[in-house]
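Okay, so here's the structure we're looking at.
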Amino acid sequence: MINEMIKDSKQHILKGRRLYIPRMSTEAASALAAAFRSVGVDACISPESDARTLDLASRFTNGEECLPQRVTLGNFLKIVQGLNFDPRSTAFFLPTSSGPCRFGQYRNLLRKVLDEAGAQEARIFSPTSSNGYAGIADRRFRFLVTVWRALILSDSLRKARLMIRPYEAEKGLTDSLHNRFLGKACRVLGDPDIGFRRQRRECVKILQSAAEAFESIPLKEKLGSRPLIGVVGEIYLRFNEFSNQHMLRSIENQGGEVWIANIAEWAWYTNYEEERKLREAAGIVTFEMARVRLRRYIQETEEKALTRPLRKFFRSRPETPVPRLLEYSRPYLPAHKALGEMTLNAGNAVAFYHAGCDGVVDISPFTCMNGIVSEVVYPRISRDHEQFPIRIFYFDGVPFDLTGHLEIFMEQAGSYRRRRLEKSRRGSRSGQ
């Protein structure tokens, strides 16, 4: 079945192997594994991160590697050291990319470590961002659309959970509902016997039911009554709770609500970059350009269809399209000169300001170039937008007093919120 799915000879490595997906975001990893299962690949997510994760990684690293690389490596090593590990029937999913980020070296390090650990026969499945990750299975339409549906569903469920959880009257109810609907989504996405059109209908039903369930959760506070904190930064770290010391929950515990930049944003950005490079290279319509634009059309159509049940629920949390993010970023980090997350982070900081947030937190690995460059422009963005609070937090795997540092930022966000609301009230009175 896998040979029918994939014609690229490099991808025959998946036949007869269990594919392990890094647990960057549990929602997205679970949904992605389900998408692989829908086309016959035995896929599951890697173990949860803990102290042993970093201990295992430290045996093969020297400390100069960024935290996401070490966490990903350590969790894969847990699998290698498992009692039933068989390298001949194992593959690891690890996308790659070009550009300044060390992410492009993750695959090389993993290959070296697997060889040193005696797992030479284990394989690495590593698509790239240079062509919008099309190498995953660009000759199997159902698979790519299922992956996109998985991403939209997981982003939507996470967003709904973060909107409601700080205000719930019964602690844990929001997480419980989120996990239930995520499980339903994964069962639909991973079922190879569900037809393509039926899969979409079932996904829409799941999100419709989820919206109704989240809206019915009893609340102890009025929605939107807390300071709203936008979260940006390195994509792995901002979603992996172990790596960021449970930053999102810490913001909630200190009286805030979180609005996090979603994962689909990165997919839209890689699409944008691929189209931009094709325009620069050819300057005319080519077959490759037509393929990219067709993919964009399909993704837009799917996203609109799937999220229709949530439009009312998310009316106060509209996502900013990537082209607009890059326009917001232009005065600070122009997209044609500064690539990747640093550009998106700068654009998102401005977008969150315009969306009514009360501050922005950047979660980045220690020594990350994207974080360092973003940090340089954040003071200017803040000054240009009414002293909008922006704070970057670096993580290297060594716990620090996050609560104390976060208290200072949350006080700044609270002060900004009071000024913003007072300004809004004065504007309302003057308009009467």
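We name chains A, B, ... following the order of the structure tokens; residues begin at 1 in each chain, and ligands are numbered from 1 as shown.
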
Checklist entry - Could you name the residues that touch Glu170 (chain A) at 12 Å or less, counting only C-alpha atoms, but leaving out those on the same chain fewer than 5 positions away, as a list in words? => result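 Residues meeting the cut-off are Ile164, Arg165, Asp175, Ser176, Leu177, Ile217, Pro218, Leu219, Lys220 and Glu221 of chain A.
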
Using 8 Å as the limit and counting only C-alpha atoms, can you tabulate each residue of region 183-251 of chain A that touches region 386-399 of chain A, with its shortest atom-to-atom distance in Å and the two atoms involved, as JSON lines?
{"residue": "A:Ser243", "atom": "CA", "partner": "A:Gly397", "partner_atom": "CA", "distance": 6.6}
{"residue": "A:Asn244", "atom": "CA", "partner": "A:Phe395", "partner_atom": "CA", "distance": 6.5}
{"residue": "A:Gln245", "atom": "CA", "partner": "A:Pro399", "partner_atom": "CA", "distance": 7.4}

Next on the checklist: Using only C-alpha atoms, which protein or nucleic acid residues come within 9 Å of Val322 (chain A)? Drop anything in the same chain fewer than 4 positions from it, and give the result as number ranges by chain.
Outcome noted: A: 265-266, 268-269, 272, 326-327, 344, 347

Item to check | Backbone-only DSSP, strand (DSSP E) members of region 144-334 of chain A, as a list in words | outcome: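 Everything in region 144-334 of chain A that counts as strand (DSSP E) is Leu228, Ile229, Gly230, Val231, Val232, Gly233, Glu257, Val258, Trp259 and Ile260 of chain A.
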
Next on the checklist: For the structure I just gave you, how does DSSP split region 154-338 of chain A - specifically, which residues are alpha helix (DSSP H)? Reply as a ChimeraX atom specification.
Outcome noted: /A:154-164,173-189,196-215,235-239,247-253,264-282,287-307,322-329

Item to check | Proximity to Val376 (chain A) - best of A:Asp401, A:Ala267, A:Asn345, A:Arg200, only C-alpha atoms | outcome: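 So, comparing all the options, the nearest one is A:Asn345.
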
Item to check | Residue with smallest distance to Ser58 (chain A) - pool A:Leu83, A:Leu144, A:Leu182, A:Val113, counting only C-alpha atoms | outcome: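 Between A:Leu83, A:Leu144, A:Leu182, A:Val113, the residue approaching Ser58 (chain A) most closely is A:Val113.
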
Region 365-431 of chain A residues near region 350-359 of chain A within 12 Å, closest pair each, using only C-alpha atoms, as CSV:
residue,atom,partner,partner_atom,distance
A:Val377,CA,A:Val350,CA,11.5
A:Tyr378,CA,A:Val350,CA,9.8
A:Pro379,CA,A:Val350,CA,11.9
A:Arg380,CA,A:Val350,CA,11.0
A:Ile381,CA,A:Val350,CA,7.2
A:Ser382,CA,A:Val350,CA,8.7
A:Arg383,CA,A:Val350,CA,11.3
A:Asp384,CA,A:Val350,CA,9.4
A:His385,CA,A:Tyr353,CA,7.4
A:Glu386,CA,A:Tyr353,CA,9.4
A:Gln387,CA,A:Gly359,CA,9.7
A:Phe388,CA,A:Gly359,CA,6.1
A:Pro389,CA,A:Gly359,CA,4.7
A:Ile390,CA,A:Gly359,CA,5.7
A:Arg391,CA,A:Gly359,CA,8.2
A:Ile392,CA,A:Gly359,CA,11.1
A:Leu406,CA,A:Gly359,CA,11.8
A:Phe409,CA,A:Gly359,CA,8.4
A:Met410,CA,A:Gly359,CA,8.3
A:Glu411,CA,A:Gly359,CA,10.3
A:Gln412,CA,A:Gly359,CA,8.1
A:Ala413,CA,A:Asp358,CA,5.2
A:Gly414,CA,A:Asp358,CA,7.2
A:Ser415,CA,A:Asp358,CA,8.7
A:Tyr416,CA,A:Asp358,CA,6.2
A:Arg417,CA,A:Asp358,CA,5.4
A:Arg418,CA,A:Asp358,CA,9.2
A:Arg419,CA,A:Asp358,CA,9.9
A:Arg420,CA,A:Asp358,CA,8.3
A:Leu421,CA,A:Gly356,CA,10.0
A:Ser424,CA,A:Gly356,CA,11.1

Item to check | Spatial neighbours of Lys304 (chain A), max dist 12 Å, only C-alpha atoms, sep filter under 5 positions, as a PyMOL selection string | outcome: chain A and resi 149+152-153+200+204+297-299+309-311

May I have the residues from that selection written out with C-alpha atoms, as a PDB file, in the first residue's frame?
ATOM      1  CA  ARG A 149      -7.336  18.865   7.478  1.00  0.00           C
ATOM      2  CA  ILE A 152      -6.709  22.825  10.698  1.00  0.00           C
ATOM      3  CA  LEU A 153      -8.571  20.598  13.170  1.00  0.00           C
ATOM      4  CA  ARG A 200     -14.562  16.342   5.248  1.00  0.00           C
ATOM      5  CA  VAL A 204     -16.992  19.579   9.965  1.00  0.00           C
ATOM      6  CA  TYR A 297      -6.655  27.259  -3.705  1.00  0.00           C
ATOM      7  CA  ILE A 298      -7.346  23.791  -2.301  1.00  0.00           C
ATOM      8  CA  GLN A 299      -5.982  24.733   1.120  1.00  0.00           C
ATOM      9  CA  PRO A 309     -18.820  26.078  12.272  1.00  0.00           C
ATOM     10  CA  LEU A 310     -16.318  28.085  14.329  1.00  0.00           C
ATOM     11  CA  ARG A 311     -16.679  31.501  12.685  1.00  0.00           C
TER      12      ARG A 311
END

Checklist entry - Skipping near chain neighbours, those fewer than 4 positions away, what residues fall within 12 Å of Leu110 (chain A) using only C-alpha atoms, listed as a VMD selection string? => result chain A and resid 57 60 to 61 69 to 77 80 91 to 96 103 to 106 114 to 117 119 to 120 122 to 126

Item to check | Length of the CA of Lys312 (chain A) to CA of Arg425 (chain A) vector [Å] | outcome: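 Going from CA of Lys312 (chain A) over to CA of Arg425 (chain A) covers 25.3 Å.
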
Item to check | Point-to-point distance from CA of Arg293 (chain A) to CA of Ala34 (chain A), Å rounded to tenths | outcome: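 Between CA of Arg293 (chain A) and CA of Ala34 (chain A) the gap works out to 26.4 Å.
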
Checklist entry - If we count only C-alpha atoms, what is near Thr343 (chain A) at a cut-off of 10 Å, once residues fewer than 4 positions away on the same chain are taken out, given as a ChimeraX atom specification? => result /A:325-330,332-339,347-348,370,373-374

Keeping only C-alpha atoms, write those residues as a PDB file, in the first residue's frame.
ATOM      1  CA  LEU A 325       1.825  39.622   8.634  1.00  0.00           C
ATOM      2  CA  LEU A 326       4.693  40.196   6.230  1.00  0.00           C
ATOM      3  CA  GLU A 327       3.403  43.713   5.520  1.00  0.00           C
ATOM      4  CA  TYR A 328       3.342  44.401   9.264  1.00  0.00           C
ATOM      5  CA  SER A 329       6.887  43.087   9.494  1.00  0.00           C
ATOM      6  CA  ARG A 330       8.199  45.102   6.543  1.00  0.00           C
ATOM      7  CA  TYR A 332      11.292  46.037  10.935  1.00  0.00           C
ATOM      8  CA  LEU A 333      12.311  42.775   9.223  1.00  0.00           C
ATOM      9  CA  PRO A 334      11.411  42.795   5.515  1.00  0.00           C
ATOM     10  CA  ALA A 335      10.395  39.327   4.316  1.00  0.00           C
ATOM     11  CA  HIS A 336      12.637  39.475   1.237  1.00  0.00           C
ATOM     12  CA  LYS A 337      15.694  40.063   3.426  1.00  0.00           C
ATOM     13  CA  ALA A 338      14.909  38.378   6.753  1.00  0.00           C
ATOM     14  CA  LEU A 339      13.428  34.915   6.368  1.00  0.00           C
ATOM     15  CA  GLY A 347       4.587  40.664  11.991  1.00  0.00           C
ATOM     16  CA  ASN A 348       2.610  38.797  14.620  1.00  0.00           C
ATOM     17  CA  ASN A 370      15.621  34.008  15.085  1.00  0.00           C
ATOM     18  CA  VAL A 373      17.159  39.127  15.802  1.00  0.00           C
ATOM     19  CA  SER A 374      13.508  39.443  16.840  1.00  0.00           C
TER      20      SER A 374
END

Mind dumping a table of every region 24-88 of chain A residue within 10 Å of region 227-240 of chain A, with the nearest atom pair and its distance in Å to one decimal, using only C-alpha atoms, sorted by chain and rising number, as a Markdown table?
| residue | atom | partner | partner_atom | distance |
| --- | --- | --- | --- | --- |
| A:Met24 | CA | A:Tyr236 | CA | 5.3 |
| A:Ser25 | CA | A:Phe239 | CA | 5.2 |
| A:Thr26 | CA | A:Asn240 | CA | 8.0 |
| A:Glu27 | CA | A:Phe239 | CA | 9.7 |
| A:Ala28 | CA | A:Phe239 | CA | 9.8 |
| A:Glu48 | CA | A:Asn240 | CA | 9.5 |
| A:Ser49 | CA | A:Asn240 | CA | 8.6 |
| A:Leu67 | CA | A:Leu237 | CA | 8.0 |
| A:Pro68 | CA | A:Tyr236 | CA | 6.3 |
| A:Gln69 | CA | A:Tyr236 | CA | 9.3 |
| A:Val71 | CA | A:Asn240 | CA | 9.5 |
| A:Thr72 | CA | A:Tyr236 | CA | 9.5 |

Checklist entry - Could you pull the residues within 12 Å of Thr307 (chain A), counting only C-alpha atoms, minus those fewer than 5 positions along the same chain, as an NGL selection string? => result :A and (149 or 151-157 or 159-160 or 200-201 or 203-208 or 210-211 or 299-302 or 312-315 or 318-319)

Write a file of the just-selected residues containing C-alpha atoms, as an mmCIF file, in the first residue's frame.
data_model
loop_
_atom_site.group_PDB
_atom_site.id
_atom_site.type_symbol
_atom_site.label_atom_id
_atom_site.label_comp_id
_atom_site.auth_asym_id
_atom_site.auth_seq_id
_atom_site.Cartn_x
_atom_site.Cartn_y
_atom_site.Cartn_z
ATOM 1 C CA ARG A 149 -7.336 18.865 7.478
ATOM 2 C CA LEU A 151 -3.551 20.685 10.869
ATOM 3 C CA ILE A 152 -6.709 22.825 10.698
ATOM 4 C CA LEU A 153 -8.571 20.598 13.170
ATOM 5 C CA SER A 154 -5.727 20.483 15.683
ATOM 6 C CA ASP A 155 -5.146 24.253 15.472
ATOM 7 C CA SER A 156 -8.868 24.932 15.895
ATOM 8 C CA LEU A 157 -9.289 22.664 18.910
ATOM 9 C CA LYS A 159 -7.437 27.686 19.966
ATOM 10 C CA ALA A 160 -10.874 26.922 21.420
ATOM 11 C CA ARG A 200 -14.562 16.342 5.248
ATOM 12 C CA ARG A 201 -18.217 16.091 6.328
ATOM 13 C CA CYS A 203 -14.521 16.702 10.302
ATOM 14 C CA VAL A 204 -16.992 19.579 9.965
ATOM 15 C CA LYS A 205 -19.427 17.750 12.262
ATOM 16 C CA ILE A 206 -16.702 17.288 14.855
ATOM 17 C CA LEU A 207 -15.859 20.990 14.886
ATOM 18 C CA GLN A 208 -19.530 21.911 15.015
ATOM 19 C CA ALA A 210 -16.860 20.969 19.616
ATOM 20 C CA ALA A 211 -17.991 24.580 19.229
ATOM 21 C CA GLN A 299 -5.982 24.733 1.120
ATOM 22 C CA GLU A 300 -8.059 27.931 1.231
ATOM 23 C CA THR A 301 -11.181 26.013 0.213
ATOM 24 C CA GLU A 302 -10.595 23.315 2.814
ATOM 25 C CA LYS A 312 -19.032 32.820 15.332
ATOM 26 C CA PHE A 313 -17.033 31.208 18.137
ATOM 27 C CA PHE A 314 -13.772 32.777 16.881
ATOM 28 C CA ARG A 315 -15.240 36.129 15.820
ATOM 29 C CA PRO A 318 -9.566 36.360 13.677
ATOM 30 C CA GLU A 319 -6.295 35.011 12.305
#

Next on the checklist: Quick check, in Å to one decimal: how far apart do CA of Phe366 (chain A) and CA of Asn262 (chain A) lie?
Outcome noted: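 Taking CA of Phe366 (chain A) and CA of Asn262 (chain A), their separation equals 21.6 Å.
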
Item to check | Counting only C-alpha atoms, the residue of A:Leu402, A:Ala33, A:Ala150, A:Val39 that sits nearest Gly195 (chain A) | outcome: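 Checking each of A:Leu402, A:Ala33, A:Ala150, A:Val39 against Gly195 (chain A), counting only C-alpha atoms, the winner is A:Val39.
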